[in-house]
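J.: A single structure is presented below for examination.
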Amino acid sequence: MEDDGDEIIETIPVFLSKTLANQLHVLQYPVVNQNCNFDKSHVVNSCVKPLTQQVKIDFALNTASHNYDAFKGDQLAIAADGRNRSKNDPKPTFRSGRMDKQSYVSSVAMPEVDRFCVGIIKDGEMYVTPVKGIYQMRPSFSYFDKQDKRAKADKRAEDGDMADEEETKQVTVKFARNESEKVKKAREKSYNYISRMGAEEPWCETLWHPASSEMANMEQQKLLMTGTSFTSDTLNMASKEYVDHLIGHETTQEDSKALAALSKVISNRKAKSLPLVDQLKNLLINAKMVPFHVIQSRVTETNTEKLLRVLQTVGTLLRGNWVVQSEHLYPENSVSSVNGVPAALMVRAREYVLYKFSYQTQLNRPEVQAKTQLPPEEAKQVLESVAKLTGKVWELIQREDRAFSQKYPELVQRQQLYWDAKAESFREMEAAKESQKRIRKKSHRESK
């Protein structure tokens, strides 16, 4: 505007990403200098207490640095584990015999965090994800506690040797009185109760993935994922309609059928007027398995980097081609059209089929039925979503696109990490089915 007094406000579309809504936790370090960056620090161990919601992270110290006091480090290790510590001690405080790490432990989780979210801006679009928990990490000096406990234990042992006979003590018997539910909840929220529960609960070790690792990058991409469509008419909606559009609603079986029917009859012109995420979802559902160059020719987005980023939110890479993610093919709370199999079982079965096709070229339906426990009609439906029947076996609809795999090896590696993470659960599923099969055979022989 020409008037200098007018303020120009630039608006950007905002999306609500719910992929990590129940898993995103924020760690704060209030006592650490702002110039200190933990992104490049080496984490030697990480633990959690699931019940009391506590986190502990051990950061490695550079004992070779000229700023490190080696003598003091040795003294602190001796204070923690004792001078006569056995080298075979399974859980020493400092394995190297010198203070080689600094532990940070979280305080009690911050209450009422549902009003906080994490936002990220990418390509002129903002994605926000609700926060599940916020924890303030502070240095832990538990090695001093170990020193005090050992000194007290030695003193008690010394006093016990000097006493000729045990002193008789009066014992008072106390009976717990009944308390109301309100009083019980108030007691469980008290500091003393939480501290005692936290001290009694053991630490559970967890896996730590550095910020630069492929697994961390995969999780970071989920901050950009969204199933919410954005249109230019959003700002013209009524308040209630806008909220429903923003957070979505539960998809019923009737809604799933209507969406499926709509996707089959929608025209190319209408499809290209949709937001990019819906264009891709519609294309993958209808075409089942699509090479990337075909996707580029059917959507309006010309930025390859953005197209690939959005494509990963709705599609799965399978032998160089793209297929729709199982969650979009079988929406939550829906059921199959033939035998009413819940969506969760259909998703798990299709993920198993995609996993098997990721390293073999053929499948047969009886094997899929046996492993997934699906009825014949549903097993056929899952296979038809990516494969075609050739003779007596099922093969993928498209041949492997080696050119795409060679051009984008990082996407192939990221997808392989995803299958590796799921492989264990699939192997357990196969082992359980084999075990049931052996039990049935044994029971059959015994009945004879």
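Convention: chains lettered A, B, ... in structure tokens order; per-chain residue numbering from 1; ligands numbered from 1 as shown.
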Hey, which bits of region 12-78 of chain A sit within 9 Å of region 132-137 of chain A, and for each residue what's the closest pair of atoms and how far apart in Å (one decimal), counting only C-alpha atoms, rows by chain and increasing number, as CSV?
T.:
residue,atom,partner,partner_atom,distance
A:Leu20,CA,A:Lys132,CA,8.8
A:Ala21,CA,A:Lys132,CA,6.7
A:Asn22,CA,A:Lys132,CA,5.6
A:Gln23,CA,A:Lys132,CA,6.2
A:Leu24,CA,A:Lys132,CA,5.4
A:His25,CA,A:Gly133,CA,4.8
A:Val26,CA,A:Ile134,CA,4.7
A:Leu27,CA,A:Tyr135,CA,5.0
A:Gln28,CA,A:Gln136,CA,4.7
A:Tyr29,CA,A:Met137,CA,5.0
A:Pro30,CA,A:Gln136,CA,6.8
A:Val31,CA,A:Met137,CA,8.3
A:Gln53,CA,A:Tyr135,CA,8.9
A:Gln54,CA,A:Tyr135,CA,8.0
A:Val55,CA,A:Tyr135,CA,8.0
A:Lys56,CA,A:Met137,CA,8.1
A:Ile57,CA,A:Met137,CA,8.8
J.: Tell me, as a list in words, which residues lie within 9 Å of Leu224 (chain A), counting only C-alpha atoms; anything in the same chain fewer than 5 positions away does not count.
T.: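 These residues fall inside the cut-off: Phe15, Ser17, Thr19, Ile120, Ile121, Lys122, Met126, Tyr127, Val128, Thr129, Arg309, Val310 and Thr313 of chain A.
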J.: Within 7 Å of Arg98 (chain A), counting only C-alpha atoms, which residues show up once you throw out same-chain ones fewer than 4 positions away? Write them as a PyMOL selection string, please.
T.: chain A and resi 73-74+77+94
J.: With all heavy atoms kept, could you save the residues just selected as a JSON list (two decimals), in the first residue's frame?
T.:
[["chain", "number", "residue", "atom", "x", "y", "z"],
["A", 73, "GLY", "N", 38.73, -36.00, 38.14],
["A", 73, "GLY", "CA", 37.87, -37.02, 37.54],
["A", 73, "GLY", "C", 38.09, -38.37, 38.17],
["A", 73, "GLY", "O", 37.14, -39.13, 38.41],
["A", 74, "ASP", "N", 39.37, -38.71, 38.47],
["A", 74, "ASP", "CA", 39.67, -39.98, 39.13],
["A", 74, "ASP", "C", 39.10, -40.00, 40.55],
["A", 74, "ASP", "O", 38.56, -41.03, 41.01],
["A", 74, "ASP", "CB", 41.18, -40.21, 39.17],
["A", 74, "ASP", "CG", 41.77, -40.39, 37.78],
["A", 74, "ASP", "OD1", 40.99, -40.74, 36.86],
["A", 74, "ASP", "OD2", 42.98, -40.18, 37.61],
["A", 77, "ALA", "N", 35.34, -40.61, 40.51],
["A", 77, "ALA", "CA", 35.03, -42.01, 40.20],
["A", 77, "ALA", "C", 35.23, -42.89, 41.42],
["A", 77, "ALA", "O", 34.44, -43.80, 41.69],
["A", 77, "ALA", "CB", 35.88, -42.50, 39.03],
["A", 94, "PHE", "N", 31.09, -45.11, 36.53],
["A", 94, "PHE", "CA", 31.98, -44.69, 35.45],
["A", 94, "PHE", "C", 32.82, -45.91, 35.04],
["A", 94, "PHE", "O", 33.69, -46.37, 35.80],
["A", 94, "PHE", "CB", 32.89, -43.55, 35.90],
["A", 94, "PHE", "CG", 32.13, -42.36, 36.44],
["A", 94, "PHE", "CD1", 32.18, -42.04, 37.78],
["A", 94, "PHE", "CD2", 31.36, -41.57, 35.60],
["A", 94, "PHE", "CE1", 31.49, -40.96, 38.30],
["A", 94, "PHE", "CE2", 30.67, -40.49, 36.09],
["A", 94, "PHE", "CZ", 30.72, -40.18, 37.45]]
J.: Can you pull out the residues contacting Gln362 (chain A)? Cut-off 8 Å, using only C-alpha atoms, and skip same-chain residues under 2 positions away; I want them as a VMD selection string.
T.: chain A and resid 357 360 364 393 to 396
J.: Kindly export the residues of the current selection with N, CA and C atoms, as a short mmCIF file (atom, residue, chain, number, x, y, z; two decimals), in the first residue's frame.
T.:
data_model
loop_
_atom_site.label_atom_id
_atom_site.label_comp_id
_atom_site.auth_asym_id
_atom_site.auth_seq_id
_atom_site.Cartn_x
_atom_site.Cartn_y
_atom_site.Cartn_z
N PHE A 357 6.88 -58.15 -0.33
CA PHE A 357 7.20 -57.77 -1.70
C PHE A 357 8.46 -56.90 -1.77
N GLN A 360 10.98 -59.94 -2.16
CA GLN A 360 10.68 -61.07 -3.04
C GLN A 360 9.66 -60.63 -4.08
N ASN A 364 1.83 -66.03 -2.74
CA ASN A 364 0.60 -66.79 -3.01
C ASN A 364 -0.41 -66.50 -1.91
N VAL A 393 0.35 -67.42 -8.86
CA VAL A 393 1.06 -66.55 -7.92
C VAL A 393 0.71 -65.10 -8.20
N TRP A 394 0.96 -64.25 -7.21
CA TRP A 394 0.72 -62.82 -7.32
C TRP A 394 2.03 -62.08 -7.51
N GLU A 395 2.08 -61.21 -8.52
CA GLU A 395 3.27 -60.41 -8.81
C GLU A 395 2.89 -58.93 -8.80
N LEU A 396 3.88 -58.06 -8.52
CA LEU A 396 3.63 -56.63 -8.48
C LEU A 396 3.13 -56.11 -9.82
#
J.: I need the residues of region 299-351 of chain A that end up classed as alpha helix (DSSP H) by DSSP on the backbone, written out as a list in words.
T.: Thr304, Glu305, Lys306, Leu307, Leu308, Arg309, Val310, Leu311, Gln312, Thr313, Val314, Ser326, Glu327, His328, Leu329, Ala343, Ala344, Leu345, Met346, Val347, Arg348, Ala349, Arg350 and Glu351 of chain A
J.: Measure the distance from CA of Arg348 (chain A) to CA of Val48 (chain A) in Å and round it to one decimal.
T.: 28.5 Å
J.: Could you pull the residues within 9 Å of region 397-401 of chain A, counting only C-alpha atoms, minus those fewer than 5 positions along the same chain, as a list in words?
T.: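 Here the answer would be Lys288, Met289, Val290, Pro291, Phe292, Leu318, Arg319, Gly320, Asn321, Glu384, Val386, Ala387, Lys388 and Gln406 of chain A.
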J.: Could you tell me which of A:Arg150, A:Val113, A:Leu311, A:Ser297 comes closest to Arg83 (chain A) if we count only C-alpha atoms?
T.: A:Arg150
